[in-house]
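What follows is target-v8.txt (compact mmCIF, C-alpha atoms).
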# COMPACT_ATOMS: atom_id res chain seq x y z
CA MET A 1 100.90 90.99 -21.09
CA SER A 2 102.54 90.98 -17.70
CA GLY A 3 103.77 87.89 -15.83
CA TRP A 4 103.55 84.47 -17.37
CA GLU A 5 101.10 82.56 -19.54
CA PRO A 6 99.01 79.98 -17.67
CA ASP A 7 99.45 76.28 -18.41
CA TYR A 8 95.81 75.30 -18.98
CA THR A 9 96.57 71.58 -18.98
CA ALA A 10 97.62 71.27 -15.35
CA MET A 11 96.71 74.35 -13.42
CA SER A 12 95.77 74.23 -9.77
CA LEU A 13 93.29 76.65 -8.27
CA PHE A 14 96.12 78.46 -6.52
CA GLU A 15 98.05 78.84 -9.78
CA LEU A 16 94.93 80.25 -11.37
CA CYS A 17 94.73 82.78 -8.51
CA GLN A 18 98.40 83.70 -9.10
CA TRP A 19 97.71 84.21 -12.79
CA ILE A 20 94.62 86.35 -12.10
CA GLU A 21 96.57 88.44 -9.58
CA ALA A 22 99.42 89.03 -12.05
CA SER A 23 97.03 90.37 -14.71
CA GLY A 24 97.02 94.06 -15.61
CA ILE A 25 93.78 94.64 -13.67
CA GLY A 26 95.19 92.84 -10.62
CA VAL A 27 98.33 94.97 -10.61
CA TYR A 28 96.27 98.15 -11.09
CA VAL A 29 93.94 97.31 -8.17
CA ARG A 30 96.92 96.68 -5.88
CA GLU A 31 99.21 99.51 -6.91
CA ASP A 32 96.95 102.46 -7.71
CA LEU A 33 96.45 104.74 -4.70
CA TRP A 34 92.70 105.16 -5.22
CA ALA A 35 91.63 101.93 -6.96
CA PHE A 36 91.39 99.75 -3.84
CA PRO A 37 89.68 102.26 -1.49
CA VAL A 38 87.18 103.30 -4.16
CA LEU A 39 86.41 99.65 -5.01
CA VAL A 40 85.95 98.78 -1.33
CA ALA A 41 83.69 101.80 -0.83
CA VAL A 42 81.58 100.92 -3.88
CA HIS A 43 81.46 97.25 -2.79
CA MET A 44 80.29 98.14 0.72
CA LEU A 45 77.74 100.66 -0.44
CA GLY A 46 76.43 98.15 -3.02
CA LEU A 47 76.21 95.59 -0.25
CA THR A 48 74.39 97.84 2.22
CA LEU A 49 71.94 98.85 -0.50
CA SER A 50 71.30 95.36 -1.91
CA VAL A 51 71.18 93.44 1.36
CA GLY A 52 69.49 96.33 3.16
CA THR A 53 66.59 96.20 0.69
CA LEU A 54 66.54 92.40 0.35
CA LEU A 55 66.05 92.36 4.12
CA TRP A 56 62.63 93.96 3.61
CA PHE A 57 61.57 91.06 1.40
CA ASP A 58 63.02 88.45 3.77
CA LEU A 59 61.29 90.04 6.75
CA ARG A 60 57.99 90.07 4.82
CA LEU A 61 58.43 86.33 4.17
CA MET A 62 58.98 85.84 7.89
CA GLY A 63 55.83 87.81 8.73
CA PHE A 64 57.37 91.14 9.73
CA GLY A 65 57.67 94.61 8.17
CA VAL A 66 55.17 95.69 5.48
CA ARG A 67 52.65 92.89 6.03
CA ASN A 68 49.86 94.78 4.27
CA CYS A 69 51.73 94.51 0.97
CA SER A 70 51.42 91.28 -1.04
CA VAL A 71 54.63 89.27 -1.43
CA SER A 72 54.60 89.45 -5.23
CA ARG A 73 54.03 93.22 -5.29
CA LEU A 74 56.83 93.82 -2.77
CA TYR A 75 59.16 91.63 -4.84
CA ARG A 76 58.32 93.49 -8.06
CA ARG A 77 58.87 96.85 -6.38
CA LEU A 78 62.15 95.98 -4.71
CA MET A 79 63.69 94.10 -7.63
CA PRO A 80 64.64 97.17 -9.74
CA LEU A 81 66.61 98.44 -6.74
CA MET A 82 68.10 95.12 -5.63
CA LEU A 83 69.30 93.85 -9.00
CA PRO A 84 71.55 96.81 -9.98
CA SER A 85 72.98 97.02 -6.47
CA PHE A 86 73.73 93.28 -6.44
CA LEU A 87 75.42 93.76 -9.81
CA ILE A 88 77.52 96.66 -8.48
CA MET A 89 78.48 94.56 -5.47
CA ALA A 90 79.41 91.55 -7.62
CA VAL A 91 81.53 93.55 -10.10
CA SER A 92 83.40 95.54 -7.45
CA GLY A 93 83.90 92.39 -5.34
CA SER A 94 85.30 90.50 -8.33
CA LEU A 95 87.73 93.33 -9.08
CA ILE A 96 88.95 93.37 -5.45
CA PHE A 97 89.41 89.59 -5.70
CA VAL A 98 91.48 89.99 -8.89
CA GLY A 99 93.89 92.26 -7.00
CA PHE A 100 94.30 89.94 -4.01
CA ALA A 101 93.41 86.49 -5.35
CA THR A 102 96.18 84.48 -3.65
CA LEU A 103 95.61 86.13 -0.26
CA ALA A 104 91.89 85.45 -0.62
CA TYR A 105 92.59 81.83 -1.60
CA ASP A 106 94.45 81.28 1.67
CA ASN A 107 91.92 83.10 3.84
CA ILE A 108 89.42 81.02 5.82
CA TYR A 109 86.92 83.93 6.00
CA PHE A 110 86.92 84.25 2.22
CA ARG A 111 85.87 80.59 2.03
CA ILE A 112 83.17 81.17 4.65
CA LYS A 113 81.96 84.17 2.62
CA LEU A 114 81.79 82.04 -0.53
CA ILE A 115 79.78 79.37 1.33
CA GLY A 116 77.41 82.12 2.55
CA LEU A 117 76.98 83.35 -1.03
CA ILE A 118 76.31 79.81 -2.32
CA VAL A 119 73.74 79.15 0.44
CA ALA A 120 72.02 82.49 -0.34
CA ALA A 121 71.92 81.67 -4.07
CA LEU A 122 70.65 78.09 -3.51
CA ASN A 123 68.02 79.34 -1.07
CA ALA A 124 66.78 81.93 -3.58
CA MET A 125 66.73 79.30 -6.34
CA LEU A 126 64.78 76.78 -4.21
CA PHE A 127 62.32 79.51 -3.25
CA HIS A 128 61.68 80.41 -6.90
CA VAL A 129 61.51 76.81 -8.13
CA PHE A 130 59.38 75.26 -5.38
CA THR A 131 57.87 77.62 -2.80
CA GLU A 132 56.92 80.43 -5.18
CA LYS A 133 54.84 78.01 -7.31
CA ARG A 134 52.10 78.10 -4.69
CA LEU A 135 52.39 81.88 -4.29
CA ALA A 136 48.79 82.55 -5.40
CA ARG A 137 47.53 80.69 -2.32
CA TRP A 138 49.34 82.89 0.21
CA ASP A 139 50.42 86.02 -1.67
CA GLU A 140 48.23 88.36 0.42
CA ALA A 141 48.51 86.48 3.73
CA ARG A 142 50.04 88.34 6.66
CA VAL A 143 51.60 85.16 8.05
CA LEU A 144 53.10 82.96 5.35
CA PRO A 145 53.51 79.15 5.20
CA PHE A 146 56.45 77.53 6.97
CA PRO A 147 58.69 77.01 3.84
CA ALA A 148 58.41 80.69 2.94
CA ARG A 149 59.27 81.76 6.49
CA VAL A 150 62.26 79.39 6.51
CA ALA A 151 63.43 80.80 3.15
CA GLY A 152 63.36 84.33 4.60
CA PHE A 153 65.24 83.25 7.72
CA ILE A 154 67.94 81.35 5.78
CA SER A 155 68.41 84.32 3.45
CA ILE A 156 68.97 86.71 6.37
CA LEU A 157 71.34 84.24 8.03
CA ALA A 158 73.32 83.65 4.82
CA TRP A 159 73.73 87.37 4.08
CA MET A 160 74.72 88.11 7.68
CA THR A 161 77.42 85.45 7.28
CA VAL A 162 78.56 87.06 4.02
CA ILE A 163 78.83 90.51 5.65
CA LEU A 164 80.56 89.29 8.82
CA ALA A 165 83.03 87.06 6.98
CA GLY A 166 83.60 89.76 4.34
CA ARG A 167 84.70 92.30 6.93
CA MET A 168 86.84 89.71 8.72
CA ILE A 169 88.82 89.17 5.49
CA SER A 170 90.21 92.72 5.73
CA TYR A 171 91.51 92.08 9.24
CA THR A 172 93.01 88.66 8.56
CA MET A 173 94.31 89.25 5.04
CA TYR A 174 97.94 88.59 5.83
CA ASP A 175 97.64 85.74 8.33
CA GLY A 176 94.92 83.84 6.46
CA GLY A 177 92.61 83.98 9.46
CA SER A 178 94.08 80.80 10.84
CA MET B 1 88.45 118.49 31.67
CA GLN B 2 89.50 118.98 28.05
CA LEU B 3 88.24 116.74 25.27
CA SER B 4 91.81 115.70 24.39
CA SER B 5 92.42 114.41 27.92
CA VAL B 6 89.16 112.43 27.72
CA PHE B 7 90.42 110.81 24.51
CA ASP B 8 93.77 110.19 26.18
CA SER B 9 92.25 108.37 29.11
CA MET B 10 89.95 106.42 26.76
CA ALA B 11 92.94 105.28 24.70
CA ASN B 12 94.85 104.23 27.84
CA SER B 13 91.98 102.29 29.42
CA GLY B 14 92.15 98.52 29.90
CA LEU B 15 89.35 97.98 27.40
CA ALA B 16 91.16 100.02 24.75
CA GLN B 17 94.37 98.05 25.32
CA ALA B 18 92.50 94.75 25.01
CA ILE B 19 90.86 95.80 21.75
CA ALA B 20 94.09 97.23 20.34
CA GLN B 21 95.98 94.00 20.97
CA SER B 22 93.52 91.83 19.06
CA SER B 23 93.01 92.36 15.34
CA TYR B 24 90.29 89.69 15.57
CA MET B 25 88.39 91.75 18.11
CA VAL B 26 88.60 94.81 15.82
CA GLY B 27 87.53 92.60 12.90
CA VAL B 28 84.47 91.31 14.76
CA LEU B 29 83.53 94.82 15.90
CA SER B 30 83.95 96.14 12.37
CA SER B 31 81.81 93.30 10.97
CA VAL B 32 78.96 93.99 13.39
CA HIS B 33 79.37 97.74 12.72
CA MET B 34 78.82 96.93 9.04
CA LEU B 35 75.63 95.01 9.86
CA GLY B 36 74.35 98.09 11.67
CA LEU B 37 75.18 100.29 8.68
CA THR B 38 73.39 97.84 6.36
CA LEU B 39 70.22 98.15 8.45
CA ILE B 40 70.45 101.95 8.44
CA VAL B 41 71.23 102.42 4.74
CA GLY B 42 68.74 99.80 3.50
CA SER B 43 65.88 101.17 5.59
CA SER B 44 66.70 104.81 4.86
CA ILE B 45 66.83 104.17 1.13
CA VAL B 46 63.49 102.34 1.18
CA VAL B 47 61.86 105.23 3.08
CA CYS B 48 63.54 107.80 0.81
CA LEU B 49 62.30 106.03 -2.32
CA ARG B 50 58.83 105.67 -0.81
CA SER B 51 58.81 109.41 -0.20
CA PHE B 52 59.75 109.90 -3.88
CA GLY B 53 56.76 107.71 -4.76
CA LEU B 54 59.11 105.32 -6.60
CA LEU B 55 58.82 102.40 -4.19
CA LEU B 56 55.63 100.91 -2.73
CA PRO B 57 53.55 103.95 -3.80
CA ASP B 58 50.32 102.13 -2.96
CA GLN B 59 51.39 101.49 0.66
CA PRO B 60 50.52 104.10 3.29
CA LEU B 61 53.67 105.98 4.25
CA SER B 62 53.17 105.11 7.91
CA ASP B 63 53.26 101.37 7.02
CA VAL B 64 56.76 101.87 5.61
CA MET B 65 58.03 104.44 8.10
CA ARG B 66 57.18 102.48 11.23
CA PRO B 67 59.26 99.34 10.53
CA ALA B 68 61.95 101.45 8.84
CA GLY B 69 62.21 103.70 11.88
CA ARG B 70 62.67 100.63 14.11
CA ALA B 71 65.32 99.21 11.76
CA VAL B 72 67.21 102.53 11.64
CA LEU B 73 67.12 102.78 15.45
CA LEU B 74 68.38 99.20 15.81
CA GLY B 75 71.10 99.82 13.21
CA LEU B 76 72.12 103.06 14.91
CA SER B 77 72.35 101.35 18.31
CA ILE B 78 74.50 98.54 16.88
CA SER B 79 76.73 100.96 14.97
CA ALA B 80 77.07 103.34 17.91
CA VAL B 81 78.13 100.66 20.40
CA THR B 82 80.57 98.91 18.03
CA GLY B 83 81.83 102.24 16.65
CA LEU B 84 82.56 103.53 20.14
CA LEU B 85 84.43 100.33 21.02
CA MET B 86 86.52 100.59 17.83
CA PHE B 87 87.14 104.29 18.50
CA THR B 88 88.44 103.73 22.07
CA PRO B 89 91.98 102.46 21.32
CA ARG B 90 92.58 105.07 18.60
CA ALA B 91 90.67 107.90 20.25
CA VAL B 92 93.56 110.37 20.03
CA SER B 93 94.63 109.70 16.43
CA ALA B 94 91.06 109.32 15.11
CA SER B 95 89.85 112.54 16.73
CA GLU B 96 92.63 114.41 14.92
CA ASN B 97 91.93 112.71 11.57
CA PRO B 98 90.01 115.00 9.14
CA VAL B 99 88.36 112.01 7.41
CA PHE B 100 87.05 110.72 10.75
CA GLN B 101 85.95 114.21 11.78
CA THR B 102 84.03 114.55 8.50
CA LYS B 103 82.45 111.13 9.02
CA MET B 104 81.25 112.03 12.51
CA LEU B 105 79.91 115.36 11.27
CA LEU B 106 77.99 113.49 8.55
CA VAL B 107 76.68 110.92 11.08
CA ALA B 108 75.42 113.70 13.36
CA SER B 109 73.84 115.54 10.40
CA ALA B 110 72.20 112.35 9.10
CA ILE B 111 70.75 111.45 12.51
CA VAL B 112 69.40 114.94 13.17
CA PHE B 113 68.02 115.13 9.62
CA GLN B 114 66.44 111.65 9.77
CA PHE B 115 64.57 112.23 13.00
CA THR B 116 63.54 115.86 12.52
CA LEU B 117 63.18 117.49 9.11
CA PHE B 118 62.88 114.28 7.08
CA ARG B 119 60.24 112.78 9.39
CA PHE B 120 58.26 116.02 9.36
CA VAL B 121 58.35 116.41 5.57
CA ALA B 122 57.72 112.71 4.87
CA ARG B 123 54.58 112.75 7.03
CA SER B 124 53.21 115.90 5.47
CA GLY B 125 50.50 115.80 2.81
CA GLY B 126 50.69 115.77 -1.00
CA SER B 127 51.11 119.57 -1.12
CA ARG B 128 54.75 119.11 -0.09
CA ALA B 129 55.69 116.56 -2.76
CA LEU B 130 58.73 118.53 -3.93
CA TRP B 131 60.00 118.88 -0.36
CA ARG B 132 59.53 115.13 0.14
CA ILE B 133 61.62 114.38 -2.93
CA LEU B 134 64.35 116.84 -1.93
CA SER B 135 64.49 115.59 1.65
CA GLY B 136 64.50 111.96 0.45
CA ALA B 137 67.44 112.67 -1.84
CA LEU B 138 69.32 114.51 0.90
CA GLY B 139 68.70 111.70 3.42
CA ALA B 140 70.00 109.05 1.02
CA ALA B 141 73.02 111.19 0.10
CA LEU B 142 73.90 111.76 3.76
CA TRP B 143 73.86 108.05 4.65
CA PHE B 144 75.87 107.14 1.55
CA ALA B 145 78.42 109.80 2.47
CA VAL B 146 78.66 108.32 5.99
CA GLY B 147 79.42 104.90 4.49
CA PHE B 148 81.93 106.32 2.02
CA TYR B 149 83.87 108.26 4.66
CA GLY B 150 83.79 105.23 6.95
CA VAL B 151 85.52 103.18 4.26
CA LEU B 152 88.00 105.97 3.50
CA PHE B 153 88.91 106.16 7.17
CA THR B 154 89.45 102.39 7.38
CA VAL B 155 91.68 102.36 4.29
CA PHE B 156 93.71 105.52 4.83
CA GLU B 157 93.97 105.53 8.61

Go through the file and emit its structure as structure tokens.
Amino acid sequence: MSGWEPDYTAMSLFELCQWIEASGIGVYVREDLWAFPVLVAVHMLGLTLSVGTLLWFDLRLMGFGVRNCSVSRLYRRLMPLMLPSFLIMAVSGSLIFVGFATLAYDNIYFRIKLIGLIVAALNAMLFHVFTEKRLARWDEARVLPFPARVAGFISILAWMTVILAGRMISYTMYDGGS
Amino acid sequence: MQLSSVFDSMANSGLAQAIAQSSYMVGVLSSVHMLGLTLIVGSSIVVCLRSFGLLLPDQPLSDVMRPAGRAVLLGLSISAVTGLLMFTPRAVSASENPVFQTKMLLVASAIVFQFTLFRFVARSGGSRALWRILSGALGAALWFAVGFYGVLFTVFE
């Protein structure tokens, strides 16, 4: 065990980041020559694959792209591709965070990225809980109802924010983006 | 005029100086460059998998290729403009960097492949199924390699 043991009773978020960063994985990510570049490459490729395919679903919701395909069929077809790539992106992103947790904590773009991720997750959840319930009524329609179109638009906007803020983190890592 | 002197004058231009002095500017350009790459990779993969018959097999290929082609073109335009702007201040050092040279070679190969051989094979009939699968795999591999070398260049520059 490297570093110090965390005091669980009164630990601030920043102290938690320090503890994560001092872990064996954190040290490895920072100090190994290949760990960081390989993780970043995997993270970016996971992101381009997951968001690049999710975009097809979002555009379909907005009434663009493959409009001849029903929404449910497109979702079923894309899901096996999107899910593993989202998983790859999440795991590699978490490992990068472990290596640079305190720098990320201080970085404004990291916070913006987190907000983008939360908005994307909430949007997807609201779509599945409410909008999708009436899917049978408009599954085959070329132009979908307003809530579905809004869900597609918010998803694209949220993921664009995640990508833009994510790249900005690399360029503002040491000044916090302030 | 030699290529090296072109890179020299690019690197010494006012625009290059302005970009070089602002890490925020480079950050914004890099972010938008990434958006372009996302459009390219996502659309290429969808078309590649459609040509395998793994994705949307019941959709006519033209229904997938048309919007994908537009997305790839848009992504390429975005990536080309932002990439050129990022290249300007480091034109001399980047042009001598083997990782960057490999990336540009891969970009050129992927573009030529995407708009010539891949398009031809993908539009051909069922008799060329094996060629479609091979060309789909090669297309996906080329774009992934572009992304990978782009990241390597950013990290090891």

Wanna dump the chain A-chain B contacts at 6 Å for me, each residue with its shortest atom pair and the distance in Å to one decimal, counting only C-alpha atoms, ordered by chain and number, as JSON lines?
{"residue": "A:Ala41", "atom": "CA", "partner": "B:Val151", "partner_atom": "CA", "distance": 5.6}
{"residue": "A:Thr48", "atom": "CA", "partner": "B:Thr38", "partner_atom": "CA", "distance": 4.3}
{"residue": "A:Leu49", "atom": "CA", "partner": "B:Gly42", "partner_atom": "CA", "distance": 5.2}
{"residue": "A:Gly52", "atom": "CA", "partner": "B:Gly42", "partner_atom": "CA", "distance": 3.6}
{"residue": "A:Thr53", "atom": "CA", "partner": "B:Gly42", "partner_atom": "CA", "distance": 5.0}
{"residue": "A:Gly65", "atom": "CA", "partner": "B:Pro67", "partner_atom": "CA", "distance": 5.5}
{"residue": "A:Arg77", "atom": "CA", "partner": "B:Leu55", "partner_atom": "CA", "distance": 6.0}
{"residue": "A:Leu164", "atom": "CA", "partner": "B:Ser31", "partner_atom": "CA", "distance": 4.7}
{"residue": "A:Arg167", "atom": "CA", "partner": "B:Ser31", "partner_atom": "CA", "distance": 5.1}
{"residue": "A:Met168", "atom": "CA", "partner": "B:Gly27", "partner_atom": "CA", "distance": 5.1}
{"residue": "A:Tyr171", "atom": "CA", "partner": "B:Gly27", "partner_atom": "CA", "distance": 5.4}

Polymer residues at most 8 Å from region 123-131 of chain A, all atoms listed in the file, same-chain spacing of 3 or more positions, as a list in words: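 Using all atoms listed in the file, the neighbours found are Val119, Ala120, Arg134, Leu135, Pro147, Ala148, Ala151, Ile154 and Ser155 of chain A.
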
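Here CA of Gly152 (chain A) stands at a distance of 8.5 Å from CA of Leu55 (chain A).
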
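The nearest approach to Leu117 (chain B) among the residues B:Ala16, B:Thr102, B:Leu130, B:Ser135, with only C-alpha atoms taken into account, belongs to B:Ser135.
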
Within-10 Å shell of (86.9, 83.2, 5.4) in input frame, all atoms listed in the file, as a list in words: Ala104, Tyr105, Asp106, Asn107, Ile108, Tyr109, Phe110, Arg111, Ile112, Lys113, Leu114, Ile115, Gly116, Thr161, Val162, Leu164, Ala165, Gly166, Arg167, Met168, Ile169, Thr172, Met173, Gly176, Gly177 and Ser178 of chain A

One-decimal distance in Å that lies between CA of Ser51 (chain B) and CA of Gly136 (chain B): 6.3 Å

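Taking CA of Val47 (chain B) and CA of Ala140 (chain B) as endpoints, the distance between them is 9.2 Å.
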
Taking all listed atoms of region 48-64 of chain B, build the axis-aligned box, pad each of the six sides by 5 Å, then write its centre and edge lengths in Å to one decimal as lines of an AutoDock Vina configuration file.
center_x = 56.9
center_y = 105.4
center_z = 0.7
size_x = 23.2
size_y = 19.0
size_z = 24.5

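Shortest atom-to-atom contact with Ala11 (chain B) among B:Ala91, B:Val81, B:Val72, B:Phe120: B:Ala91, counting only C-alpha atoms.
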
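Near Val29 (chain A), within a cut-off of 10 Å and counting all atoms listed in the file, sit the residues A:Glu21, A:Gly24, A:Trp34, A:Ala35, A:Phe36, A:Pro37, A:Val38, A:Leu39, A:Leu95, A:Ile96, A:Phe97, A:Val98, A:Gly99, A:Phe100, with same-chain residues fewer than 5 positions away left out.
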
B:Ile78, B:Val146, B:Phe7, B:Ala20 ranked by distance to Val99 (chain B), top pick (using all atoms listed in the file):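 Of the candidates, the smallest distance to Val99 (chain B) is held by B:Val146.
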
For region 9-20 of chain A: contacts at 6 Å, only C-alpha atoms, fewer than 2 positions along chain excluded, given as a list of chain:residue names: A:Asp7, A:Ala22, A:Ser23, A:Val98, A:Ala101, A:Thr102

Selection file, C-alpha atoms, as a JSON list (two decimals), in the frame of the given file:
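Printed below is result-v5.json as written:
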[["chain", "number", "residue", "atom", "x", "y", "z"],
["A", 7, "ASP", "CA", 99.45, 76.28, -18.41],
["A", 22, "ALA", "CA", 99.42, 89.03, -12.05],
["A", 23, "SER", "CA", 97.03, 90.37, -14.71],
["A", 98, "VAL", "CA", 91.48, 89.99, -8.89],
["A", 101, "ALA", "CA", 93.41, 86.49, -5.35],
["A", 102, "THR", "CA", 96.18, 84.48, -3.65]]
